[in-house]
Number of protein chains: 4
Amino acid sequence: MKEFKVDLTKRMDEQDVVGHNRWHPDIPAVFSVEPGGSFRLECIEWTDGQIKNNDDPSDVAMVNLERVHVLSGPVHVNGCEPGDLLVVDILDIGPLEPWGHNGIFAKENGGGFLVDHFPEAAKSIWDFHGIYTTSRHVPGVEFAGVMHPGLMGVAPSQELLDEWNHREKELFDTDPERVPPLAPLPTAEHVVLGSLKGEDFDRVAREGARTVPPRENGGNCDIKDLSKGSRTYFPVFVDGAKLSVGDLHFSQGDGEITFCGAIEMSGFIELRVDVIKGGMAKYNIKKNPVYEPGPVSPDYNEFLVFQGVSVKENGQQTYLDANVAFKNACLNAIEYLKTLGYTGEQAYMLLSSAPVQANLASVVDIPNSCATIGIPKAIFKKDILPK
Amino acid sequence: MKEFKVDLTKRMDEQDVVGHNRWHPDIPAVFSVEPGGSFRLECIEWTDGQIKNNDDPSDVAMVNLERVHVLSGPVHVNGCEPGDLLVVDILDIGPLEPWGHNGIFAKENGGGFLVDHFPEAAKSIWDFHGIYTTSRHVPGVEFAGVMHPGLMGVAPSQELLDEWNHREKELFDTDPERVPPLAPLPTAEHVVLGSLKGEDFDRVAREGARTVPPRENGGNCDIKDLSKGSRTYFPVFVDGAKLSVGDLHFSQGDGEITFCGAIEMSGFIELRVDVIKGGMAKYNIKKNPVYEPGPVSPDYNEFLVFQGVSVKENGQQTYLDANVAFKNACLNAIEYLKTLGYTGEQAYMLLSSAPVQANLASVVDIPNSCATIGIPKAIFKKDILPK
Amino acid sequence: MKEFKVDLTKRMDEQDVVGHNRWHPDIPAVFSVEPGGSFRLECIEWTDGQIKNNDDPSDVAMVNLERVHVLSGPVHVNGCEPGDLLVVDILDIGPLEPWGHNGIFAKENGGGFLVDHFPEAAKSIWDFHGIYTTSRHVPGVEFAGVMHPGLMGVAPSQELLDEWNHREKELFDTDPERVPPLAPLPTAEHVVLGSLKGEDFDRVAREGARTVPPRENGGNCDIKDLSKGSRTYFPVFVDGAKLSVGDLHFSQGDGEITFCGAIEMSGFIELRVDVIKGGMAKYNIKKNPVYEPGPVSPDYNEFLVFQGVSVKENGQQTYLDANVAFKNACLNAIEYLKTLGYTGEQAYMLLSSAPVQANLASVVDIPNSCATIGIPKAIFKKDILPK
Amino acid sequence: MKEFKVDLTKRMDEQDVVGHNRWHPDIPAVFSVEPGGSFRLECIEWTDGQIKNNDDPSDVAMVNLERVHVLSGPVHVNGCEPGDLLVVDILDIGPLEPWGHNGIFAKENGGGFLVDHFPEAAKSIWDFHGIYTTSRHVPGVEFAGVMHPGLMGVAPSQELLDEWNHREKELFDTDPERVPPLAPLPTAEHVVLGSLKGEDFDRVAREGARTVPPRENGGNCDIKDLSKGSRTYFPVFVDGAKLSVGDLHFSQGDGEITFCGAIEMSGFIELRVDVIKGGMAKYNIKKNPVYEPGPVSPDYNEFLVFQGVSVKENGQQTYLDANVAFKNACLNAIEYLKTLGYTGEQAYMLLSSAPVQANLASVVDIPNSCATIGIPKAIFKKDILPK
């Protein structure tokens, strides 16, 4: 079985075979596979090893986001052409080290979903015990991880890449001085581009799309249920599809609300690929992958569910703003968790790390959307229900 | 067991005991119950019988929304005071007639979530076969309903009501000529207020908040998993809590995207209530109910999941707009369903009617949010997977 | 929709349309339906109303078992012939009264599975609260019922009936004086045979097989998961299939170990039938129905599981006797439940009433079989785990 | 983390640290752990490597059963004494090689559950693809394994051991010439006893109980749901409890009906232990472990279920013999699978390998027990339902 290996004592650009941290059609494949074939990718955690297993959040505070996400690949699938669907089965996934991290980004680094409440950096380290995890920084919980790749995507065509760069620059330019910026634009700093060299490297470094946002090619979708046994159908934009993976998570809550984000880990993933010729037109899958969850997700099915509606905290009524509704659901959950003895920061990191579910309940009941966040009761070592 | 009964051949204001269709603390209770007690409410479907079991969508097109939602109650819970939590168990729920309806609202009526794609009114009738439903208007599917009340809420205090009216008027006034309006404001037309009469009626009719938006009191949350066996904890704002219920659904997809909405039905609901004294402060549940789903939801656990990111259809990049992301997920799902032979309208109504799941996958990966919509494979009579 | 109605104040032989309590091909159908059609049957609880809602178990002690099971039907399915498969969907099921009963049969009445430990009659009454049930006789538990027909079957051919009577008589004759008897043989006492009269009645009464044992036609299988939404494929032995139903259960534990047995109720069931022509040969379903469980079973998925092996309580080693293994698993569970404060009788009735799962873990590890019984933790109002 | 390692190119008695294949209190521990501690055991597949990855079943036919099961351990838990409960969490489990085997034992070797129908040896090799497995010998299926230890147990006290040997000898002596024997008695041949030597070895070899049957100490229970994340409470009979594990399975059907048995593999298991002092008396757990299944079992929840009643194939009526009922359920399932194109042997091995569920539906409906076997529909690559 073909394999992309990493040495966790080195950074991605120092590996024997180098991965990448930008999206571009011209990044060379690390190897090729036949349809029906399987392969294994080892992945460094998304920041390329910047976050350490200690109690000091200064590494989170000072993280270099131009370095993210370090990806393993791309893998060329023989016979796969634009217009096809690439079928990707996640056969297995696991950690390379017995710990991972979650953190709250400081406001200067983009912050998280609740940046106005939690502007300072924080960090929690999660120790892995087989399928379970616990944290010395968030006591009283133990849960099984739904391990998954936060980021899995195929290469964009040059045309699609140009479209990304155009639309994101346009947004950025509406408020170019904003901290944090409205969008992470291409930057030649801290670029890793596989085996590219010379002029090609310089050109691709200038053009390569940042990996933070999910886009038509999949990418950083951070879908917590895309776990072992799942099958994804990717639209294909370039010859060979050029599949890359990174940002492995031991566990994540829907929304990945702290931004840094899930329980981030270095790990391995084993994939099997196949091709549906002409599938994009046949199934109208023109952009954004489609997927089927796998059969081995942790079976947490008893939840305590909080809801929020789209009225801002200052009392201002929005028109169906789902972000505001979900923000309120998160804040309501955090207020509740405080009554169990957690600090706001602990509760915030827990919501981002544990297998919580975020649902859009209603998006049409003008002027209020209603969003919910459900916390599995079984992750707590004590009963958390109101009495 | 105390009971609120309805005669389905009459409108709500013609019933022996009259319900209501506005939120106000002064609407008199229809009966009172002790903590620990159970009772049964019969409910007319949300439009007060305006939608008929036929193939003509003109009733949906011309629906009078000032009439909605006709609610059963309020029920006074003895000994329940502001600051308490009202615990409500849904013991049972079922239809009073063997059919329900789903519809797409015309743009003039507010439209639905995808109003720009589907500006015309449409209707689908769903026949009930025990736990299952089918529709002559959406062939090829049969599924078990997760029956639930779209709307369940307690009365607001006068102070909370004033806040609602203030903030919604403020939004409305930002574009008062807009069609549809940004918010449904109080209107004395088509008001139903229980046994209120005279000056009290006139005052409450002027002030009573419309029932469309979900708010701090619960209300029209349209949470599809709030089904049989669920337990809800409501914050209490007035003496006796004054619980009301309506808008029963045989089934609904997350988001209720067509607005009219779920599979709407006339039905009954059996509830049991209890009180946690001082629970609002003890558990920091100051606004918005918290709930636990019940143990008998249909166990559809194999999904085909579509995703969307927050780039508008015209190519414009938004900053983390979850509404746009979810809209794209819905449109991607509809495009796929078209390849199975459905019209866009059929697919749209199916997503609003069947037990589909809408999740917020990531809300921090600037500038793109990622939202997903998962369709249970088992509702289709044939295999729907790409091959 | 065609319907078989019962008046619960009358016994089965006093109903306007009379059901039956024996298996025989010549019992006339109560009505006929077309393939694809639906119908509704009301059913008296299995003893024909002998057990009352009170605290006195003497009715259980003195129950007349020649009267059981009173069945509703048979229903003739048009066009259905021997060799076909009859497809039966359970569309709905529910109680006609808000209570049911469980009991331990006295040894003289056959006793239950643990008759040597519990030779005396006992009774528990279970009150229904929508989907939930509680019992004044077994405090501290509340659970959702997986409502199902304990007995659903098609008529045997005369040849099959003769085979039944022959083989059961042969067993009986190995110890004809045994109390309880080894098999319930045909008896003309307390027979109910629909509209049959005169000589036909007398003949069928003499020949009609008792309804207690499950057999090739389905019958009293007492399968707790055969609930709402399930689909059963019956082999067909006579023209019209002649489907009958009775012995409705609000809930039952695997094994139905007390014999009387589940939470027995009078109720209704709504069915839809279809026919697969020649299906018996096509699918090798020559005897015993095959079924698919439905999608709305209570989702209790956290269990505490007890096991037993096939060594008798007196220390005697058996050779792979699964009955002994399961008996030990039940006794182990009862011993544990006693430490929670239950009496042995309460624990025994709880295991027979609640949705417990009985599995055969291994049946080959000579000389010990291993069987398990799993109790859902969520049915208890307090935490039951060892600490 | 302490670890018991194996070299798969060597037999158990050739390992650096040697395990054992008999139960006896005097087998020395391989290491000790503190309560709360975790450790890792590598395990050779149960036959000590006798079965090879090829297409020739002669190794199954000629397997030496005096060699089984080779176990890893025992592990001494500090401070654990007779009368305590030993709490064992399975943190992780996985294969050491990418394949496993299932086989039908020949009649001379004990045969399997259906030995009269399948008296010849057969073998199927199962390749592992991450969480999934397929077999070149049983085409058309792919399923996720519920990996588990078939055998996990604590050491018996000398008194308990004597009781085992006594009762099993008594059974054996009822038919000492029988092939296969009624029980596997102690034999000094092919014994592996850790670091024991000299006279101690000889004595323990003579007395040591065979590992095939499950008993009061747990042992070879072959419970398929005892998987990742499960917690088991063992009664403790000797100081330190002396926990041993072996017989790892990639997947197994309830009943493990072919005897050889599951998908047998060499693998690792990671465990965490704790102690409940005096727990045996406190919770009446005097014999046989109690367990809670874990949260990550494959979520196969759509089954096709076959049933059987306790009438022998020759038409003879038994009295509630659950073995006969389950045998008929298995045979009914096999007959059905034949219509899908499988041979009887393939179907038999599939039922023993895939996550099928065997339930005791009713055990009291004299004279027929009813047992069921449910096959998950999703393991087949095509739709298997009757049409």
# chains A, B, ... in the order shown; residues from 1 in each chain; ligands from 1

$ residues_around --residues "C:Gly246" --least-positions-apart "6" --cutoff "7 Å" --atoms "only C-alpha atoms" --output "PyMOL selection string"
chain C and resi 43+46+69-72+149-152

$ closest_atom_pairs --of "chain B" --to "chain C" --cutoff "8 Å" --atoms "only C-alpha atoms" --output "CSV"
residue,atom,partner,partner_atom,distance
B:Leu91,CA,C:Gly130,CA,4.4
B:Asp92,CA,C:Gly130,CA,4.6
B:His129,CA,C:Leu91,CA,6.1
B:Gly130,CA,C:Leu91,CA,4.4
B:Ile131,CA,C:Leu91,CA,5.8
B:Tyr132,CA,C:Leu91,CA,6.9
B:Ala144,CA,C:Pro295,CA,7.4
B:Lys228,CA,C:Ile131,CA,7.1
B:Gly229,CA,C:Ile131,CA,6.8
B:Glu270,CA,C:Gly130,CA,7.0
B:Pro295,CA,C:Asp299,CA,4.9
B:Val296,CA,C:Pro298,CA,4.3
B:Ser297,CA,C:Val296,CA,5.9
B:Pro298,CA,C:Val296,CA,4.3
B:Asp299,CA,C:Pro295,CA,4.9
B:Tyr300,CA,C:Pro295,CA,6.7

$ closest_residue --among "B:Ile366, B:Pro186, B:Val273, B:Ile375" --to "A:Gly110" --atoms "only C-alpha atoms"
B:Ile366

$ select_by_dssp --residues "stretch 107-179 of chain B" --states "alpha helix (DSSP H)" --output "mmCIF file with all heavy atoms, in the first residue's frame"
data_model
loop_
_atom_site.group_PDB
_atom_site.id
_atom_site.type_symbol
_atom_site.label_atom_id
_atom_site.label_comp_id
_atom_site.auth_asym_id
_atom_site.auth_seq_id
_atom_site.Cartn_x
_atom_site.Cartn_y
_atom_site.Cartn_z
ATOM 1 N N GLN B 158 -45.243 41.387 30.600
ATOM 2 C CA GLN B 158 -45.515 42.620 29.858
ATOM 3 C C GLN B 158 -44.199 43.272 29.428
ATOM 4 O O GLN B 158 -44.068 43.767 28.306
ATOM 5 C CB GLN B 158 -46.321 43.590 30.732
ATOM 6 C CG GLN B 158 -46.745 44.868 30.018
ATOM 7 C CD GLN B 158 -47.821 44.633 28.975
ATOM 8 O OE1 GLN B 158 -48.781 43.892 29.225
ATOM 9 N NE2 GLN B 158 -47.675 45.217 27.789
ATOM 10 N N GLU B 159 -43.229 43.223 30.310
ATOM 11 C CA GLU B 159 -41.934 43.837 30.004
ATOM 12 C C GLU B 159 -41.246 43.152 28.819
ATOM 13 O O GLU B 159 -40.708 43.810 27.921
ATOM 14 C CB GLU B 159 -41.048 43.708 31.260
ATOM 15 C CG GLU B 159 -39.684 44.327 31.126
ATOM 16 C CD GLU B 159 -38.825 44.015 32.356
ATOM 17 O OE1 GLU B 159 -39.216 43.116 33.152
ATOM 18 O OE2 GLU B 159 -37.777 44.658 32.513
ATOM 19 N N LEU B 160 -41.312 41.815 28.820
ATOM 20 C CA LEU B 160 -40.689 41.076 27.718
ATOM 21 C C LEU B 160 -41.454 41.327 26.421
ATOM 22 O O LEU B 160 -40.854 41.506 25.351
ATOM 23 C CB LEU B 160 -40.676 39.582 28.065
ATOM 24 C CG LEU B 160 -39.976 38.636 27.089
ATOM 25 C CD1 LEU B 160 -38.531 39.047 26.836
ATOM 26 C CD2 LEU B 160 -40.029 37.201 27.612
ATOM 27 N N LEU B 161 -42.762 41.378 26.521
ATOM 28 C CA LEU B 161 -43.573 41.661 25.336
ATOM 29 C C LEU B 161 -43.222 43.024 24.752
ATOM 30 O O LEU B 161 -43.075 43.188 23.531
ATOM 31 C CB LEU B 161 -45.063 41.620 25.724
ATOM 32 C CG LEU B 161 -46.050 42.022 24.636
ATOM 33 C CD1 LEU B 161 -46.016 41.037 23.475
ATOM 34 C CD2 LEU B 161 -47.466 42.114 25.202
ATOM 35 N N ASP B 162 -43.073 44.008 25.635
ATOM 36 C CA ASP B 162 -42.738 45.353 25.152
ATOM 37 C C ASP B 162 -41.397 45.347 24.424
ATOM 38 O O ASP B 162 -41.226 46.009 23.399
ATOM 39 C CB ASP B 162 -42.681 46.331 26.334
ATOM 40 C CG ASP B 162 -44.057 46.541 26.967
ATOM 41 O OD1 ASP B 162 -45.073 46.165 26.326
ATOM 42 O OD2 ASP B 162 -44.112 47.033 28.105
ATOM 43 N N GLU B 163 -40.475 44.574 24.968
ATOM 44 C CA GLU B 163 -39.157 44.487 24.336
ATOM 45 C C GLU B 163 -39.274 43.882 22.936
ATOM 46 O O GLU B 163 -38.643 44.352 21.986
ATOM 47 C CB GLU B 163 -38.259 43.627 25.242
ATOM 48 C CG GLU B 163 -36.822 43.523 24.792
ATOM 49 C CD GLU B 163 -36.022 42.615 25.739
ATOM 50 O OE1 GLU B 163 -36.342 42.573 26.957
ATOM 51 O OE2 GLU B 163 -35.105 41.935 25.259
ATOM 52 N N TRP B 164 -40.097 42.825 22.821
ATOM 53 C CA TRP B 164 -40.296 42.212 21.503
ATOM 54 C C TRP B 164 -40.848 43.227 20.515
ATOM 55 O O TRP B 164 -40.354 43.352 19.402
ATOM 56 C CB TRP B 164 -41.289 41.048 21.579
ATOM 57 C CG TRP B 164 -40.854 39.871 22.382
ATOM 58 C CD1 TRP B 164 -39.620 39.653 22.915
ATOM 59 C CD2 TRP B 164 -41.673 38.763 22.747
ATOM 60 N NE1 TRP B 164 -39.616 38.457 23.584
ATOM 61 C CE2 TRP B 164 -40.867 37.878 23.500
ATOM 62 C CE3 TRP B 164 -42.999 38.401 22.530
ATOM 63 C CZ2 TRP B 164 -41.344 36.684 24.021
ATOM 64 C CZ3 TRP B 164 -43.487 37.212 23.037
ATOM 65 C CH2 TRP B 164 -42.668 36.356 23.781
ATOM 66 N N ASN B 165 -41.903 43.894 20.939
ATOM 67 C CA ASN B 165 -42.562 44.823 20.023
ATOM 68 C C ASN B 165 -41.628 45.964 19.622
ATOM 69 O O ASN B 165 -41.634 46.410 18.470
ATOM 70 C CB ASN B 165 -43.850 45.369 20.659
ATOM 71 C CG ASN B 165 -44.965 44.325 20.590
ATOM 72 O OD1 ASN B 165 -44.971 43.445 19.727
ATOM 73 N ND2 ASN B 165 -45.906 44.406 21.523
ATOM 74 N N HIS B 166 -40.822 46.374 20.579
ATOM 75 C CA HIS B 166 -39.888 47.454 20.286
ATOM 76 C C HIS B 166 -38.835 47.033 19.261
ATOM 77 O O HIS B 166 -38.621 47.698 18.248
ATOM 78 C CB HIS B 166 -39.200 47.905 21.585
ATOM 79 C CG HIS B 166 -38.083 48.861 21.354
ATOM 80 N ND1 HIS B 166 -38.296 50.187 20.999
ATOM 81 C CD2 HIS B 166 -36.734 48.692 21.386
ATOM 82 C CE1 HIS B 166 -37.123 50.785 20.836
ATOM 83 N NE2 HIS B 166 -36.166 49.902 21.076
ATOM 84 N N ARG B 167 -38.208 45.912 19.508
ATOM 85 C CA ARG B 167 -37.088 45.531 18.625
ATOM 86 C C ARG B 167 -37.577 45.126 17.240
ATOM 87 O O ARG B 167 -36.884 45.323 16.237
ATOM 88 C CB ARG B 167 -36.247 44.429 19.280
ATOM 89 C CG ARG B 167 -36.866 43.055 19.268
ATOM 90 C CD ARG B 167 -36.085 42.073 20.134
ATOM 91 N NE ARG B 167 -36.679 40.745 20.055
ATOM 92 C CZ ARG B 167 -36.515 39.789 20.958
ATOM 93 N NH1 ARG B 167 -35.775 39.996 22.034
ATOM 94 N NH2 ARG B 167 -37.097 38.610 20.807
ATOM 95 N N GLU B 168 -38.761 44.548 17.170
ATOM 96 C CA GLU B 168 -39.255 44.123 15.854
ATOM 97 C C GLU B 168 -39.741 45.320 15.035
ATOM 98 O O GLU B 168 -39.572 45.361 13.818
ATOM 99 C CB GLU B 168 -40.343 43.052 16.021
ATOM 100 C CG GLU B 168 -39.717 41.761 16.577
ATOM 101 C CD GLU B 168 -40.704 40.656 16.936
ATOM 102 O OE1 GLU B 168 -41.855 40.699 16.467
ATOM 103 O OE2 GLU B 168 -40.305 39.748 17.705
ATOM 104 N N LYS B 169 -40.322 46.286 15.750
ATOM 105 C CA LYS B 169 -40.730 47.510 15.048
ATOM 106 C C LYS B 169 -39.503 48.240 14.492
ATOM 107 O O LYS B 169 -39.523 48.758 13.361
ATOM 108 C CB LYS B 169 -41.489 48.413 16.027
ATOM 109 C CG LYS B 169 -41.982 49.739 15.451
ATOM 110 C CD LYS B 169 -43.120 49.524 14.472
ATOM 111 C CE LYS B 169 -43.922 50.795 14.195
ATOM 112 N NZ LYS B 169 -43.136 51.979 13.930
ATOM 113 N N GLU B 170 -38.445 48.249 15.265
ATOM 114 C CA GLU B 170 -37.220 48.907 14.848
ATOM 115 C C GLU B 170 -36.665 48.275 13.566
ATOM 116 O O GLU B 170 -36.227 48.978 12.646
ATOM 117 C CB GLU B 170 -36.190 48.780 15.980
ATOM 118 C CG GLU B 170 -35.244 49.935 16.110
ATOM 119 C CD GLU B 170 -34.443 49.844 17.420
ATOM 120 O OE1 GLU B 170 -34.015 48.728 17.786
ATOM 121 O OE2 GLU B 170 -34.261 50.865 18.082
ATOM 122 N N LEU B 171 -36.703 46.959 13.515
ATOM 123 C CA LEU B 171 -36.254 46.286 12.287
ATOM 124 C C LEU B 171 -37.190 46.599 11.134
ATOM 125 O O LEU B 171 -36.751 46.943 10.029
ATOM 126 C CB LEU B 171 -36.201 44.760 12.520
ATOM 127 C CG LEU B 171 -35.905 43.924 11.263
ATOM 128 C CD1 LEU B 171 -34.476 44.160 10.774
ATOM 129 C CD2 LEU B 171 -36.128 42.427 11.526
ATOM 130 N N PHE B 172 -38.477 46.489 11.399
ATOM 131 C CA PHE B 172 -39.479 46.752 10.361
ATOM 132 C C PHE B 172 -39.273 48.131 9.753
ATOM 133 O O PHE B 172 -39.345 48.319 8.528
ATOM 134 C CB PHE B 172 -40.885 46.649 10.984
ATOM 135 C CG PHE B 172 -42.004 46.900 10.017
ATOM 136 C CD1 PHE B 172 -42.578 45.862 9.304
ATOM 137 C CD2 PHE B 172 -42.493 48.189 9.806
ATOM 138 C CE1 PHE B 172 -43.617 46.091 8.407
ATOM 139 C CE2 PHE B 172 -43.527 48.430 8.912
ATOM 140 C CZ PHE B 172 -44.089 47.377 8.202
#

$ closest_residue --among "D:Gly278, D:Gly73, D:Gly198, D:Gly255" --to "D:Thr372" --atoms "only C-alpha atoms"
D:Gly255

$ residues_around --residues "C:Ala354" --least-positions-apart "2" --cutoff "9 Å" --atoms "only C-alpha atoms" --output "list in words"
Phe143, Ala144, Gly145, Val146, Ser251, Gln252, Gly253, Asp254, Ala262, Ile263, Met349, Leu350, Leu351, Ser352, Val356, Ile375, Pro376 and Ile379 of chain C

$ write_last_selection --atoms "all heavy atoms" --output "short mmCIF file (atom, residue, chain, number, x, y, z; two decimals), in the first residue's frame"
data_model
loop_
_atom_site.label_atom_id
_atom_site.label_comp_id
_atom_site.auth_asym_id
_atom_site.auth_seq_id
_atom_site.Cartn_x
_atom_site.Cartn_y
_atom_site.Cartn_z
N PHE C 143 -40.69 3.79 31.37
CA PHE C 143 -40.06 3.56 30.07
C PHE C 143 -41.09 3.65 28.95
O PHE C 143 -42.29 3.56 29.17
CB PHE C 143 -39.33 2.21 30.02
CG PHE C 143 -40.13 1.03 30.49
CD1 PHE C 143 -40.94 0.33 29.61
CD2 PHE C 143 -40.05 0.61 31.81
CE1 PHE C 143 -41.67 -0.77 30.03
CE2 PHE C 143 -40.78 -0.50 32.24
CZ PHE C 143 -41.59 -1.18 31.35
N ALA C 144 -40.55 3.86 27.75
CA ALA C 144 -41.39 3.92 26.55
C ALA C 144 -41.63 2.50 26.06
O ALA C 144 -40.70 1.69 26.01
CB ALA C 144 -40.70 4.75 25.47
N GLY C 145 -42.85 2.22 25.70
CA GLY C 145 -43.17 0.88 25.22
C GLY C 145 -42.81 0.69 23.76
O GLY C 145 -42.95 1.61 22.96
N VAL C 146 -42.35 -0.51 23.44
CA VAL C 146 -42.21 -0.92 22.04
C VAL C 146 -43.44 -1.75 21.74
O VAL C 146 -43.43 -2.98 21.83
CB VAL C 146 -40.94 -1.77 21.83
CG1 VAL C 146 -40.68 -1.99 20.35
CG2 VAL C 146 -39.74 -1.12 22.50
N SER C 251 -45.40 -3.43 25.94
CA SER C 251 -43.95 -3.60 26.04
C SER C 251 -43.68 -5.02 26.47
O SER C 251 -44.52 -5.66 27.12
CB SER C 251 -43.37 -2.63 27.08
OG SER C 251 -41.98 -2.84 27.27
N GLN C 252 -42.52 -5.54 26.12
CA GLN C 252 -42.14 -6.88 26.53
C GLN C 252 -40.64 -6.98 26.56
O GLN C 252 -39.95 -6.36 25.74
CB GLN C 252 -42.69 -7.92 25.54
CG GLN C 252 -42.41 -9.37 25.93
CD GLN C 252 -42.38 -10.30 24.74
OE1 GLN C 252 -43.38 -10.50 24.07
NE2 GLN C 252 -41.21 -10.85 24.45
N GLY C 253 -40.13 -7.73 27.49
CA GLY C 253 -38.72 -8.07 27.46
C GLY C 253 -38.53 -9.32 26.62
O GLY C 253 -39.39 -10.19 26.59
N ASP C 254 -37.38 -9.39 25.95
CA ASP C 254 -37.03 -10.62 25.22
C ASP C 254 -37.22 -11.82 26.14
O ASP C 254 -36.76 -11.83 27.28
CB ASP C 254 -35.56 -10.58 24.80
CG ASP C 254 -35.33 -10.03 23.41
OD1 ASP C 254 -36.30 -9.75 22.68
OD2 ASP C 254 -34.15 -9.87 23.04
N ALA C 262 -45.93 -10.14 28.96
CA ALA C 262 -45.50 -8.82 28.58
C ALA C 262 -46.32 -7.85 29.43
O ALA C 262 -46.87 -8.23 30.46
CB ALA C 262 -45.81 -8.62 27.11
N ILE C 263 -46.39 -6.59 29.00
CA ILE C 263 -47.45 -5.73 29.52
C ILE C 263 -48.61 -5.91 28.57
O ILE C 263 -48.63 -5.37 27.46
CB ILE C 263 -47.00 -4.25 29.62
CG1 ILE C 263 -45.80 -4.15 30.57
CG2 ILE C 263 -48.16 -3.39 30.09
CD1 ILE C 263 -45.26 -2.75 30.73
N MET C 349 -40.81 -9.56 37.17
CA MET C 349 -41.83 -8.94 36.32
C MET C 349 -41.23 -7.80 35.49
O MET C 349 -41.64 -7.58 34.35
CB MET C 349 -43.00 -8.46 37.18
CG MET C 349 -43.80 -9.64 37.76
SD MET C 349 -45.39 -9.19 38.50
CE MET C 349 -44.83 -8.38 40.00
N LEU C 350 -40.26 -7.10 36.05
CA LEU C 350 -39.64 -6.02 35.29
C LEU C 350 -38.88 -6.58 34.07
O LEU C 350 -38.98 -6.04 32.96
CB LEU C 350 -38.68 -5.23 36.19
CG LEU C 350 -37.97 -4.04 35.52
CD1 LEU C 350 -38.98 -3.03 34.99
CD2 LEU C 350 -37.02 -3.37 36.49
N LEU C 351 -38.17 -7.66 34.29
CA LEU C 351 -37.44 -8.26 33.16
C LEU C 351 -38.38 -8.74 32.07
O LEU C 351 -38.02 -8.79 30.89
CB LEU C 351 -36.58 -9.44 33.64
CG LEU C 351 -35.41 -9.10 34.55
CD1 LEU C 351 -34.63 -10.37 34.90
CD2 LEU C 351 -34.49 -8.07 33.92
N SER C 352 -39.57 -9.09 32.44
CA SER C 352 -40.54 -9.58 31.47
C SER C 352 -41.30 -8.44 30.78
O SER C 352 -41.88 -8.63 29.72
CB SER C 352 -41.52 -10.52 32.17
OG SER C 352 -42.23 -11.31 31.26
N VAL C 356 -35.95 -5.24 27.62
CA VAL C 356 -34.65 -5.88 27.83
C VAL C 356 -34.32 -6.76 26.62
O VAL C 356 -35.21 -7.24 25.93
CB VAL C 356 -34.60 -6.71 29.12
CG1 VAL C 356 -35.00 -5.87 30.32
CG2 VAL C 356 -35.48 -7.93 29.02
N ILE C 375 -30.27 -4.83 30.25
CA ILE C 375 -31.32 -3.97 30.78
C ILE C 375 -30.98 -2.52 30.42
O ILE C 375 -29.88 -2.06 30.73
CB ILE C 375 -31.42 -4.10 32.31
CG1 ILE C 375 -31.55 -5.56 32.71
CG2 ILE C 375 -32.57 -3.28 32.85
CD1 ILE C 375 -31.59 -5.77 34.21
N PRO C 376 -31.89 -1.79 29.76
CA PRO C 376 -31.58 -0.40 29.43
C PRO C 376 -31.48 0.43 30.71
O PRO C 376 -32.38 0.42 31.54
CB PRO C 376 -32.76 0.05 28.57
CG PRO C 376 -33.75 -1.04 28.57
CD PRO C 376 -33.19 -2.23 29.26
N ILE C 379 -34.28 3.27 31.82
CA ILE C 379 -35.63 3.03 32.33
C ILE C 379 -35.72 3.30 33.83
O ILE C 379 -36.80 3.45 34.37
CB ILE C 379 -36.12 1.60 32.02
CG1 ILE C 379 -35.41 0.56 32.89
CG2 ILE C 379 -35.95 1.27 30.56
CD1 ILE C 379 -35.99 -0.84 32.74
#

$ residues_around --residues "D:Ile27" --least-positions-apart "6" --cutoff "12 Å" --atoms "only C-alpha atoms" --output "ChimeraX atom specification"
/D:18-21,71-76,154-158,191-197,200-205,207-209,238,241-244

$ select_by_dssp --residues "stretch 237-330 of chain C" --states "strand (DSSP E)" --output "number ranges by chain"
C: 243-251, 259-264, 267-276, 290-292, 303-309
